$ cat run-v1.txt   # compact mmCIF, C-alpha atoms
# COMPACT_ATOMS: atom_id res chain seq x y z
CA MET A 81 -12.61 35.86 -36.37
CA ASN A 82 -13.56 36.01 -40.02
CA PHE A 83 -15.63 33.68 -42.08
CA TYR A 84 -15.31 31.49 -45.12
CA ASN A 85 -17.79 30.58 -47.78
CA ARG A 86 -18.14 26.87 -48.31
CA ARG A 87 -20.19 26.51 -51.45
CA LYS A 88 -22.54 23.63 -51.93
CA ALA A 89 -22.20 22.43 -48.36
CA LEU A 90 -25.85 21.44 -48.64
CA LYS A 91 -27.44 20.11 -51.82
CA LEU A 92 -30.94 21.13 -52.71
CA GLY A 93 -32.03 17.65 -53.66
CA THR A 94 -34.10 18.85 -56.66
CA SER A 95 -33.06 19.74 -60.16
CA ALA A 96 -35.34 22.78 -60.43
CA LEU A 97 -38.12 24.60 -58.61
CA ALA A 98 -41.16 26.19 -60.20
CA LEU A 99 -41.25 29.98 -60.40
CA LEU A 100 -42.37 31.54 -57.10
CA SER A 101 -42.17 28.24 -55.22
CA ALA A 102 -40.93 28.30 -51.63
CA ALA A 103 -37.43 27.04 -50.86
CA ASN A 104 -36.58 25.08 -47.75
CA PRO A 105 -35.13 27.73 -45.39
CA ALA A 106 -32.81 25.18 -43.82
CA VAL A 107 -31.04 24.66 -47.13
CA ALA A 108 -28.36 27.16 -48.10
CA LEU A 109 -25.88 27.51 -50.94
CA VAL A 110 -23.44 29.36 -48.68
CA LYS A 111 -22.24 27.79 -45.47
CA ILE A 112 -21.02 30.50 -43.07
CA THR A 113 -18.28 29.30 -40.74
CA VAL A 114 -16.07 31.21 -38.35
CA SER A 115 -12.46 30.21 -38.80
CA GLY A 116 -9.30 31.34 -40.48
CA GLY A 117 -8.20 34.81 -41.43
CA ASP A 118 -9.21 35.22 -45.07
CA PHE A 119 -12.77 35.81 -46.12
CA THR A 120 -13.89 36.11 -49.71
CA PRO A 121 -17.44 37.46 -50.12
CA LEU A 122 -19.68 35.43 -52.39
CA PRO A 123 -19.67 36.87 -55.95
CA ILE A 124 -23.26 37.53 -56.97
CA ALA A 125 -24.73 38.90 -60.22
CA ILE A 126 -27.81 41.15 -60.05
CA PRO A 127 -28.94 42.54 -63.41
CA ASP A 128 -31.40 45.45 -63.33
CA PHE A 129 -34.89 44.27 -62.47
CA ALA A 130 -37.32 44.00 -65.38
CA SER A 131 -40.08 46.64 -65.31
CA SER A 132 -42.26 48.67 -67.65
CA ASP A 133 -40.49 51.62 -66.01
CA ALA A 134 -36.78 50.93 -66.51
CA ALA A 135 -35.73 53.63 -64.02
CA PHE A 136 -37.92 52.07 -61.33
CA GLY A 137 -36.51 48.62 -62.05
CA LYS A 138 -32.97 49.97 -61.69
CA GLU A 139 -33.85 51.78 -58.45
CA LEU A 140 -35.18 48.61 -56.83
CA SER A 141 -32.23 46.53 -58.00
CA ASP A 142 -29.87 49.20 -56.62
CA ILE A 143 -31.55 48.86 -53.20
CA VAL A 144 -30.94 45.11 -53.29
CA ARG A 145 -27.33 45.55 -54.39
CA PHE A 146 -26.75 48.10 -51.61
CA ASN A 147 -28.24 45.81 -48.95
CA LEU A 148 -26.28 42.72 -49.92
CA ASN A 149 -23.04 44.63 -50.35
CA ARG A 150 -23.50 46.32 -46.98
CA SER A 151 -23.92 42.95 -45.27
CA GLY A 152 -20.28 42.15 -46.04
CA LEU A 153 -21.13 38.62 -47.17
CA PHE A 154 -21.49 39.33 -50.88
CA ARG A 155 -19.45 40.89 -53.68
CA ILE A 156 -21.70 42.53 -56.25
CA ILE A 157 -20.37 41.97 -59.77
CA ASP A 158 -20.37 45.20 -61.80
CA PRO A 159 -23.76 45.27 -63.60
CA ASP A 160 -22.12 46.76 -66.71
CA SER A 161 -19.99 43.63 -67.11
CA LEU A 162 -22.88 41.15 -66.98
CA PRO A 163 -23.97 39.15 -70.05
CA LEU A 164 -27.55 40.34 -69.46
CA LYS A 165 -28.29 43.91 -68.34
CA ILE A 166 -31.96 43.38 -67.45
CA GLY A 167 -33.14 40.22 -65.74
CA ASN A 168 -35.72 37.83 -67.14
CA ILE A 169 -37.51 35.75 -64.51
CA SER A 170 -39.52 33.84 -67.13
CA GLN A 171 -36.59 31.89 -68.53
CA ALA A 172 -33.87 29.72 -67.05
CA PRO A 173 -30.45 31.40 -67.28
CA ASP A 174 -27.75 30.49 -69.79
CA PHE A 175 -25.59 29.03 -67.02
CA PRO A 176 -22.27 28.76 -68.93
CA LYS A 177 -22.39 32.51 -69.61
CA TRP A 178 -23.06 33.30 -65.95
CA GLN A 179 -20.36 30.91 -64.79
CA ALA A 180 -17.94 32.71 -67.11
CA SER A 181 -18.90 36.04 -65.49
CA GLY A 182 -17.51 34.77 -62.20
CA ALA A 183 -20.90 34.72 -60.42
CA ASP A 184 -21.59 31.93 -57.95
CA ALA A 185 -25.16 33.18 -57.51
CA LEU A 186 -27.54 35.01 -59.84
CA VAL A 187 -30.59 37.13 -59.02
CA MET A 188 -33.36 37.84 -61.53
CA GLY A 189 -36.09 40.27 -60.51
CA GLU A 190 -39.19 41.95 -61.86
CA VAL A 191 -41.10 44.90 -60.33
CA GLU A 192 -44.13 46.96 -61.30
CA LYS A 193 -45.54 50.07 -59.64
CA ASN A 194 -49.25 50.83 -59.91
CA ILE A 195 -51.67 51.31 -56.99
CA ASN A 196 -49.47 48.77 -55.25
CA VAL A 197 -45.96 47.60 -56.00
CA GLN A 198 -45.50 43.99 -57.04
CA GLY A 199 -42.14 42.29 -57.11
CA SER A 200 -40.87 38.81 -57.98
CA VAL A 201 -37.41 37.32 -57.59
CA ARG A 202 -35.59 34.13 -58.54
CA VAL A 203 -32.20 33.18 -57.12
CA TRP A 204 -29.96 30.70 -58.90
CA ASP A 205 -26.86 28.68 -58.02
CA THR A 206 -24.94 29.15 -61.28
CA GLN A 207 -22.46 26.32 -60.66
CA ALA A 208 -25.13 23.71 -59.90
CA ALA A 209 -27.50 25.25 -62.47
CA GLU A 210 -30.30 25.14 -59.93
CA GLN A 211 -32.86 27.59 -58.63
CA ILE A 212 -32.52 28.24 -54.92
CA VAL A 213 -35.65 30.28 -54.29
CA GLY A 214 -38.50 32.04 -56.08
CA LYS A 215 -40.85 34.47 -54.34
CA SER A 216 -43.23 37.33 -54.99
CA TYR A 217 -44.23 40.34 -52.91
CA SER A 218 -46.71 43.21 -52.86
CA THR A 219 -46.76 46.42 -50.85
CA ASP A 220 -48.23 49.92 -50.83
CA ALA A 221 -46.77 52.16 -53.53
CA ASN A 222 -45.92 54.83 -50.94
CA ASN A 223 -43.60 52.34 -49.26
CA TYR A 224 -42.10 50.83 -52.40
CA ARG A 225 -38.58 50.58 -50.97
CA ARG A 226 -39.86 47.79 -48.76
CA ILE A 227 -40.08 45.47 -51.78
CA GLY A 228 -36.31 45.89 -52.23
CA HIS A 229 -35.73 45.00 -48.58
CA GLN A 230 -38.02 41.96 -48.73
CA ILE A 231 -36.28 40.69 -51.85
CA SER A 232 -32.91 41.27 -50.16
CA ASP A 233 -34.04 39.20 -47.17
CA ALA A 234 -35.15 36.36 -49.46
CA ILE A 235 -31.76 36.36 -51.20
CA TYR A 236 -29.83 36.59 -47.93
CA GLN A 237 -31.77 33.73 -46.34
CA SER A 238 -31.65 31.48 -49.39
CA LEU A 239 -27.88 31.86 -49.74
CA THR A 240 -26.79 31.85 -46.09
CA GLY A 241 -29.43 29.81 -44.28
CA GLU A 242 -29.79 32.68 -41.78
CA GLY A 243 -32.79 34.96 -41.50
CA GLY A 244 -32.49 38.38 -43.08
CA TYR A 245 -32.69 41.79 -41.41
CA PHE A 246 -33.23 44.35 -44.17
CA ASP A 247 -37.03 44.67 -43.87
CA SER A 248 -36.84 46.28 -40.45
CA LYS A 249 -36.94 49.63 -38.68
CA ILE A 250 -34.72 51.51 -36.24
CA VAL A 251 -35.98 53.81 -33.48
CA PHE A 252 -33.39 56.11 -31.93
CA VAL A 253 -32.88 59.36 -30.04
CA ALA A 254 -32.35 62.20 -32.52
CA GLU A 255 -30.20 64.88 -30.88
CA SER A 256 -29.97 68.48 -32.10
CA GLY A 257 -28.90 71.83 -30.73
CA PRO A 258 -25.94 72.88 -28.57
CA LYS A 259 -24.03 70.15 -26.77
CA ALA A 260 -24.95 71.44 -23.30
CA ASN A 261 -28.67 71.69 -24.05
CA ARG A 262 -29.63 69.25 -26.77
CA THR A 263 -33.18 68.53 -27.90
CA LYS A 264 -33.75 64.79 -27.72
CA ARG A 265 -36.71 63.34 -29.60
CA LEU A 266 -37.54 59.93 -30.97
CA ALA A 267 -37.20 59.15 -34.66
CA ILE A 268 -37.94 56.04 -36.73
CA MET A 269 -36.29 55.08 -40.00
CA ASP A 270 -35.67 52.08 -42.22
CA TYR A 271 -32.65 50.02 -41.21
CA ASP A 272 -30.57 51.83 -43.85
CA GLY A 273 -31.56 55.38 -42.78
CA ALA A 274 -34.32 55.98 -45.36
CA ASN A 275 -37.89 57.17 -44.63
CA LEU A 276 -37.03 58.96 -41.38
CA GLN A 277 -39.95 60.25 -39.28
CA TYR A 278 -40.01 61.97 -35.88
CA ILE A 279 -42.51 60.52 -33.42
CA THR A 280 -42.05 62.86 -30.45
CA SER A 281 -41.98 66.65 -30.61
CA GLY A 282 -38.86 67.32 -28.56
CA LYS A 283 -40.75 69.43 -26.03
CA TYR A 284 -39.66 66.91 -23.42
CA ALA A 285 -36.52 64.79 -23.66
CA ALA A 286 -37.11 61.20 -24.77
CA LEU A 287 -34.67 58.44 -23.82
CA THR A 288 -34.04 54.68 -24.23
CA PRO A 289 -36.69 53.68 -26.82
CA ARG A 290 -37.35 49.94 -27.17
CA TYR A 291 -39.59 47.96 -29.56
CA SER A 292 -42.15 45.33 -28.69
CA ASN A 293 -41.62 41.99 -30.42
CA ASP A 294 -44.49 42.64 -32.85
CA ALA A 295 -42.95 46.03 -33.81
CA ARG A 296 -46.26 47.79 -33.07
CA PHE A 297 -45.31 49.49 -29.80
CA ILE A 298 -42.37 51.46 -28.45
CA THR A 299 -41.67 52.07 -24.79
CA TYR A 300 -39.37 54.88 -23.68
CA ILE A 301 -38.62 57.36 -20.89
CA ASN A 302 -40.28 60.76 -21.18
CA LEU A 303 -38.80 63.55 -19.02
CA ALA A 304 -42.00 65.58 -18.78
CA ASP A 305 -41.61 68.22 -16.03
CA GLY A 306 -38.20 66.76 -15.25
CA ARG A 307 -39.76 63.56 -13.88
CA PRO A 308 -38.83 60.36 -15.75
CA GLN A 309 -41.98 58.50 -16.75
CA ILE A 310 -42.47 55.30 -18.75
CA PHE A 311 -44.45 55.94 -21.93
CA ILE A 312 -45.77 53.58 -24.59
CA ILE A 313 -46.45 54.63 -28.20
CA ASP A 314 -48.83 52.70 -30.45
CA LEU A 315 -47.25 53.11 -33.89
CA ILE A 316 -50.48 52.24 -35.69
CA THR A 317 -52.83 54.66 -33.93
CA GLY A 318 -50.19 57.19 -32.81
CA ARG A 319 -51.62 57.11 -29.29
CA GLN A 320 -49.21 57.67 -26.41
CA GLN A 321 -49.85 56.76 -22.80
CA SER A 322 -47.92 57.06 -19.56
CA LEU A 323 -47.49 53.95 -17.41
CA GLY A 324 -46.50 56.11 -14.47
CA ASN A 325 -43.64 57.36 -12.34
CA PHE A 326 -42.62 54.80 -9.76
CA GLY A 327 -39.88 56.50 -7.76
CA GLN A 328 -37.28 59.24 -7.64
CA MET A 329 -35.87 57.94 -10.93
CA THR A 330 -37.51 55.45 -13.31
CA PHE A 331 -35.56 54.28 -16.34
CA SER A 332 -34.55 51.56 -18.84
CA PRO A 333 -37.99 50.14 -19.78
CA ARG A 334 -38.12 47.09 -22.02
CA PHE A 335 -40.91 44.80 -23.21
CA SER A 336 -41.11 41.11 -22.35
CA PRO A 337 -41.08 38.82 -25.43
CA ASP A 338 -44.87 38.40 -25.29
CA GLY A 339 -45.38 42.17 -25.05
CA LYS A 340 -47.54 41.94 -21.94
CA THR A 341 -44.99 43.05 -19.36
CA ILE A 342 -42.63 45.99 -18.97
CA LEU A 343 -39.27 45.49 -17.25
CA PHE A 344 -37.73 48.65 -15.77
CA SER A 345 -35.53 50.07 -13.00
CA VAL A 346 -36.38 52.35 -10.10
CA GLU A 347 -33.94 54.40 -8.03
CA GLN A 348 -34.94 55.20 -4.45
CA GLY A 349 -32.76 56.23 -1.54
CA GLY A 350 -29.49 55.56 -3.33
CA THR A 351 -30.32 52.02 -4.43
CA THR A 352 -31.70 50.86 -7.77
CA ASN A 353 -33.77 47.74 -8.33
CA LEU A 354 -35.46 45.95 -11.17
CA TYR A 355 -39.23 45.75 -11.43
CA SER A 356 -41.71 44.16 -13.82
CA MET A 357 -45.30 45.17 -14.40
CA LEU A 358 -48.15 43.75 -16.44
CA ILE A 359 -49.25 46.53 -18.77
CA GLY A 360 -52.52 48.06 -17.62
CA THR A 361 -52.29 46.94 -13.98
CA ASN A 362 -50.21 49.74 -12.40
CA ARG A 363 -48.90 47.14 -9.93
CA PRO A 364 -45.10 46.83 -10.20
CA LYS A 365 -43.44 43.66 -8.93
CA GLN A 366 -40.00 44.11 -7.37
CA LEU A 367 -37.50 41.58 -8.74
CA THR A 368 -34.27 42.55 -6.93
CA SER A 369 -33.56 44.03 -3.51
CA GLY A 370 -30.63 45.22 -1.41
CA ALA A 371 -28.17 48.09 -1.45
CA ALA A 372 -26.79 47.44 -4.95
CA ILE A 373 -27.53 49.23 -8.22
CA ASP A 374 -29.42 46.69 -10.37
CA THR A 375 -30.51 48.00 -13.75
CA GLY A 376 -30.44 47.55 -17.53
CA GLY A 377 -32.53 44.38 -17.65
CA SER A 378 -33.17 42.41 -20.87
CA TYR A 379 -35.27 39.26 -21.25
CA SER A 380 -34.09 36.04 -22.86
CA PRO A 381 -36.02 35.27 -26.07
CA ASP A 382 -38.17 32.67 -24.28
CA GLY A 383 -38.98 35.12 -21.46
CA THR A 384 -37.73 32.85 -18.67
CA LYS A 385 -34.57 34.75 -17.71
CA ILE A 386 -33.28 38.30 -17.36
CA VAL A 387 -29.75 39.56 -17.89
CA PHE A 388 -28.91 42.78 -16.03
CA GLU A 389 -26.05 44.89 -14.73
CA SER A 390 -25.25 45.21 -11.03
CA ASP A 391 -22.50 46.45 -8.73
CA ARG A 392 -23.48 44.00 -5.97
CA GLY A 393 -20.05 42.38 -6.18
CA GLY A 394 -18.17 45.68 -5.85
CA SER A 395 -17.90 46.52 -9.56
CA GLN A 396 -20.42 46.82 -12.37
CA GLN A 397 -20.86 43.33 -13.85
CA LEU A 398 -23.46 41.26 -15.71
CA TYR A 399 -25.80 38.80 -13.99
CA ILE A 400 -28.55 36.42 -15.09
CA MET A 401 -31.58 35.57 -12.95
CA SER A 402 -35.05 34.09 -13.28
CA ALA A 403 -37.63 36.36 -14.91
CA ASN A 404 -39.52 36.18 -11.60
CA GLY A 405 -36.47 37.38 -9.67
CA GLY A 406 -33.96 35.47 -7.56
CA GLY A 407 -31.09 33.10 -8.25
CA ALA A 408 -28.83 35.73 -9.82
CA GLN A 409 -25.56 34.36 -11.20
CA ARG A 410 -22.64 36.51 -12.33
CA ILE A 411 -21.52 35.88 -15.94
CA SER A 412 -18.91 38.60 -16.64
CA PHE A 413 -15.41 38.34 -15.20
CA GLY A 414 -13.24 40.46 -17.47
CA LYS A 415 -11.36 43.59 -16.50
CA GLY A 416 -13.47 46.75 -16.40
CA SER A 417 -17.15 47.49 -15.85
CA TYR A 418 -20.01 46.02 -17.88
CA SER A 419 -23.36 47.61 -18.77
CA THR A 420 -26.32 47.75 -21.22
CA PRO A 421 -26.65 43.97 -21.71
CA VAL A 422 -29.13 42.81 -24.36
CA TRP A 423 -30.02 39.25 -25.27
CA SER A 424 -29.74 38.17 -28.90
CA PRO A 425 -33.02 37.20 -30.65
CA LYS A 426 -31.42 33.80 -31.30
CA GLY A 427 -30.65 33.38 -27.60
CA ASP A 428 -27.05 32.35 -28.22
CA LEU A 429 -25.27 35.60 -27.29
CA ILE A 430 -25.52 38.64 -25.04
CA ALA A 431 -24.20 41.98 -26.28
CA TYR A 432 -22.89 44.56 -23.82
CA THR A 433 -20.90 47.75 -23.29
CA LYS A 434 -17.63 47.55 -21.36
CA GLN A 435 -15.43 50.31 -19.97
CA SER A 436 -11.79 49.45 -19.44
CA GLU A 437 -8.39 51.05 -19.88
CA GLY A 438 -9.90 54.44 -20.62
CA GLN A 439 -12.05 53.24 -23.52
CA PHE A 440 -15.53 51.94 -24.27
CA HIS A 441 -16.00 48.58 -25.98
CA ILE A 442 -18.92 46.79 -27.64
CA GLY A 443 -18.73 43.05 -27.18
CA THR A 444 -20.58 39.76 -26.93
CA MET A 445 -20.45 36.68 -24.73
CA LYS A 446 -22.44 33.50 -24.41
CA PRO A 447 -25.15 33.44 -21.72
CA ASP A 448 -22.86 31.42 -19.46
CA GLY A 449 -20.19 34.13 -19.75
CA SER A 450 -17.86 32.14 -22.00
CA ARG A 451 -16.36 33.19 -25.33
CA GLU A 452 -16.27 36.90 -24.60
CA ARG A 453 -15.38 38.85 -27.73
CA VAL A 454 -14.75 42.60 -28.10
CA LEU A 455 -16.07 43.77 -31.47
CA ALA A 456 -15.26 47.50 -31.46
CA SER A 457 -13.51 50.03 -29.21
CA SER A 458 -13.51 53.83 -29.05
CA PHE A 459 -13.41 56.92 -26.87
CA HIS A 460 -17.16 56.52 -26.24
CA MET A 461 -19.51 53.87 -27.63
CA GLU A 462 -22.43 52.06 -26.05
CA GLY A 463 -26.04 50.93 -26.38
CA PRO A 464 -25.89 47.75 -28.51
CA SER A 465 -29.08 46.52 -30.19
CA TRP A 466 -29.52 43.32 -32.18
CA ALA A 467 -30.64 42.93 -35.78
CA PRO A 468 -33.61 40.54 -36.15
CA ASN A 469 -31.34 37.69 -37.26
CA GLY A 470 -28.97 38.02 -34.30
CA ARG A 471 -25.91 38.40 -36.54
CA VAL A 472 -25.48 42.19 -36.69
CA ILE A 473 -25.36 44.75 -33.88
CA MET A 474 -26.13 48.47 -33.98
CA PHE A 475 -24.75 50.91 -31.40
CA PHE A 476 -23.83 54.56 -31.09
CA SER A 477 -20.41 56.13 -30.85
CA ASP A 478 -19.38 59.68 -29.90
CA PRO A 479 -15.89 60.93 -30.84
CA GLY A 480 -16.02 63.67 -28.19
CA GLY A 481 -15.24 67.36 -28.56
CA ASN A 482 -17.86 69.44 -30.33
CA ASP A 483 -19.17 66.48 -32.33
CA GLY A 484 -22.02 64.24 -31.28
CA PRO A 485 -23.02 60.59 -31.46
CA SER A 486 -23.68 58.60 -34.62
CA LEU A 487 -25.08 55.14 -35.28
CA TYR A 488 -22.95 52.22 -36.46
CA THR A 489 -23.38 48.55 -37.28
CA ILE A 490 -20.93 45.69 -36.96
CA ASP A 491 -21.28 41.92 -37.36
CA ILE A 492 -20.75 39.42 -34.56
CA TRP A 493 -17.27 38.57 -35.82
CA GLY A 494 -16.13 42.18 -35.43
CA ARG A 495 -16.12 42.79 -39.20
CA ASN A 496 -17.75 45.26 -41.53
CA MET A 497 -18.30 48.24 -39.22
CA GLN A 498 -20.44 50.80 -41.04
CA ARG A 499 -21.93 54.18 -40.14
CA ILE A 500 -25.66 54.83 -40.58
CA SER A 501 -26.28 58.33 -41.89
CA THR A 502 -28.84 60.47 -40.01
CA PRO A 503 -29.74 64.17 -40.41
CA THR A 504 -28.99 64.87 -36.73
CA PHE A 505 -26.79 63.35 -34.08
CA ALA A 506 -28.17 59.97 -33.07
CA SER A 507 -27.96 57.77 -29.98
CA ASP A 508 -29.69 54.86 -28.20
CA PRO A 509 -30.78 52.81 -31.23
CA ALA A 510 -33.25 49.93 -30.99
CA TRP A 511 -33.72 47.51 -33.88
CA SER A 512 -37.22 46.27 -34.66
CA PRO A 513 -38.09 42.67 -35.51
CA LEU A 514 -38.66 41.85 -39.17
CA LEU A 515 -41.75 43.64 -40.45
CA SER A 516 -42.84 40.94 -42.88
$ encode --input "run-v1.txt" --output "structure tokens"
Amino acid sequence: MNFYNRRKALKLGTSALALLSAANPAVALVKITVSGGDFTPLPIAIPDFASSDAAFGKELSDIVRFNLNRSGLFRIIDPDSLPLKIGNISQAPDFPKWQASGADALVMGEVEKNINVQGSVRVWDTQAAEQIVGKSYSTDANNYRRIGHQISDAIYQSLTGEGGYFDSKIVFVAESGPKANRTKRLAIMDYDGANLQYITSGKYAALTPRYSNDARFITYINLADGRPQIFIIDLITGRQQSLGNFGQMTFSPRFSPDGKTILFSVEQGGTTNLYSMLIGTNRPKQLTSGAAIDTGGSYSPDGTKIVFESDRGGSQQLYIMSANGGGAQRISFGKGSYSTPVWSPKGDLIAYTKQSEGQFHIGTMKPDGSRERVLASSFHMEGPSWAPNGRVIMFFSDPGGNDGPSLYTIDIWGRNMQRISTPTFASDPAWSPLLS
């Protein structure tokens, strides 16, 4: 399904807002609906941001243009064709000129880089001649790109009514070396691939990294001495600690929404079950039992339920149960096998990997199993992870042969699939919450 813009579905109710005043986040110029087959991105004008350093102003405005264009919801009008080449946030726009440019929305920005970076933005509905939002930001000069992402989120939210996702990080498994013996270490980068840093050395393979909901911690599997162990990294202090090895094979750790509990799987004697453990107690609680393979658990946003994969019914399918265990109900009934379920931050969808008819598929369904939708298909793709706003999914895909996996994003309507560039092969992405 594609989407339409319905402009002015909601009126602001005020004729103007003071500079840097907060807009009501429930009010949006653009109403996103899912129907029909033709989608026209919203035309938006973004002159270069005003700055005492013109090159810096252009660089920040280019980041914003890139973000909004990449979202697939906006069409950036060529800056060279605009009636004003550098924005002025101190004055109201000449709306007839901007209407004539074809812009339905207009962004004016200003940035300065000293010890810190300060940025301000105003967003205008050119047809209604009204300001939608005005905000200001400040961040460390060494992380100046973040201002561009924060401004992009403000624009995105003010024009769509949905939360943004640009001011966020990705942790993933960076793979290098020969295909049969790859080094696998953890790396973190901005959502768009910038500012990449490695956080494990590669001495031991690192697998399945997952963020805590405050974006401070990462849990993952460390294959030290060939024994899978659950590790936690504190991204502020850099400290790493092992939570232990709880069986022949321990894997798929994930934080609870409150960050106090780790959900994981343990394989023993040919069966695999789900466990939870309060961090710091070293006392795992078994949540499933029996001869089935139960794994890949993910909490609902409110922490009351868990979605997981199991072959208890004879094939690998998705089930939902209480976070305390018990009462499991099957939700997937399509052809093929289902795996790697992950609950959307909004709670309205579950993303998954499916294997059927010789291919892998990334898809979504509602928590009751209805409205299943395949978003992308390929020789090999898996590992979906949700953007903070629950409207974009990242996953990895491997074309086979001598090549390796790469990261991709796609929206929940199966549109706008885009590759994320990384210096090495990349797999198992996990998207952080918003940093701001």
$ closest_residue --input "run-v1.txt" --among "A:Val197, A:Ile400, A:Leu162, A:Met445" --to "Phe136 (chain A)" --atoms "all atoms listed in the file"
A:Val197
$ residues_around --input "run-v1.txt" --residues "Met357 (chain A)" --least-positions-apart "4" --cutoff "10 Å" --atoms "all atoms listed in the file" --output "NGL selection string"
:A and (323 or 335-336 or 340-344 or 361-366)
$ closest_residue --input "run-v1.txt" --among "A:Ser458, A:Thr351, A:Gln230, A:Ser238" --to "Val144 (chain A)" --atoms "all atoms listed in the file"
A:Gln230
$ residues_near_point --input "run-v1.txt" --point "(-19.5, 42.8, -5.9)" --cutoff "12 Å" --atoms "all atoms listed in the file" --output "VMD selection string"
chain A and resid 371 to 374 389 to 399 409 to 410 412 to 413 417
$ residues_around --input "run-v1.txt" --residues "Arg265 (chain A)" --least-positions-apart "5" --cutoff "12 Å" --atoms "all atoms listed in the file" --output "mmCIF file with C-alpha atoms, keeping the file's coordinate frame"
data_model
loop_
_atom_site.group_PDB
_atom_site.id
_atom_site.type_symbol
_atom_site.label_atom_id
_atom_site.label_comp_id
_atom_site.auth_asym_id
_atom_site.auth_seq_id
_atom_site.Cartn_x
_atom_site.Cartn_y
_atom_site.Cartn_z
ATOM 1 C CA VAL A 251 -35.980 53.810 -33.480
ATOM 2 C CA PHE A 252 -33.390 56.110 -31.930
ATOM 3 C CA VAL A 253 -32.880 59.360 -30.040
ATOM 4 C CA ALA A 254 -32.350 62.200 -32.520
ATOM 5 C CA GLU A 255 -30.200 64.880 -30.880
ATOM 6 C CA SER A 256 -29.970 68.480 -32.100
ATOM 7 C CA GLY A 257 -28.900 71.830 -30.730
ATOM 8 C CA GLN A 277 -39.950 60.250 -39.280
ATOM 9 C CA TYR A 278 -40.010 61.970 -35.880
ATOM 10 C CA ILE A 279 -42.510 60.520 -33.420
ATOM 11 C CA THR A 280 -42.050 62.860 -30.450
ATOM 12 C CA SER A 281 -41.980 66.650 -30.610
ATOM 13 C CA GLY A 282 -38.860 67.320 -28.560
ATOM 14 C CA LYS A 283 -40.750 69.430 -26.030
ATOM 15 C CA TYR A 284 -39.660 66.910 -23.420
ATOM 16 C CA ALA A 285 -36.520 64.790 -23.660
ATOM 17 C CA ALA A 286 -37.110 61.200 -24.770
ATOM 18 C CA LEU A 287 -34.670 58.440 -23.820
ATOM 19 C CA THR A 288 -34.040 54.680 -24.230
ATOM 20 C CA PRO A 289 -36.690 53.680 -26.820
ATOM 21 C CA TYR A 300 -39.370 54.880 -23.680
ATOM 22 C CA ILE A 301 -38.620 57.360 -20.890
ATOM 23 C CA ASN A 302 -40.280 60.760 -21.180
ATOM 24 C CA LEU A 303 -38.800 63.550 -19.020
ATOM 25 C CA THR A 504 -28.990 64.870 -36.730
ATOM 26 C CA PHE A 505 -26.790 63.350 -34.080
ATOM 27 C CA ALA A 506 -28.170 59.970 -33.070
ATOM 28 C CA SER A 507 -27.960 57.770 -29.980
ATOM 29 C CA ASP A 508 -29.690 54.860 -28.200
#
$ residues_around --input "run-v1.txt" --residues "Ala134 (chain A)" --least-positions-apart "4" --cutoff "12 Å" --atoms "only C-alpha atoms" --output "list in words"
Pro127, Asp128, Phe129, Ala130, Lys138, Glu139, Leu140, Ser141, Lys165, Ile166, Gly167, Glu190, Val191, Glu192 and Lys193 of chain A
$ atom_distance --input "run-v1.txt" --atom1 "CA of Asp448 (chain A)" --atom2 "CA of Ser332 (chain A)"
23.3 Å
$ residues_around --input "run-v1.txt" --residues "region 434-437 of chain A" --least-positions-apart "2" --cutoff "6 Å" --atoms "all atoms listed in the file" --output "ChimeraX atom specification"
/A:416-418,439-441
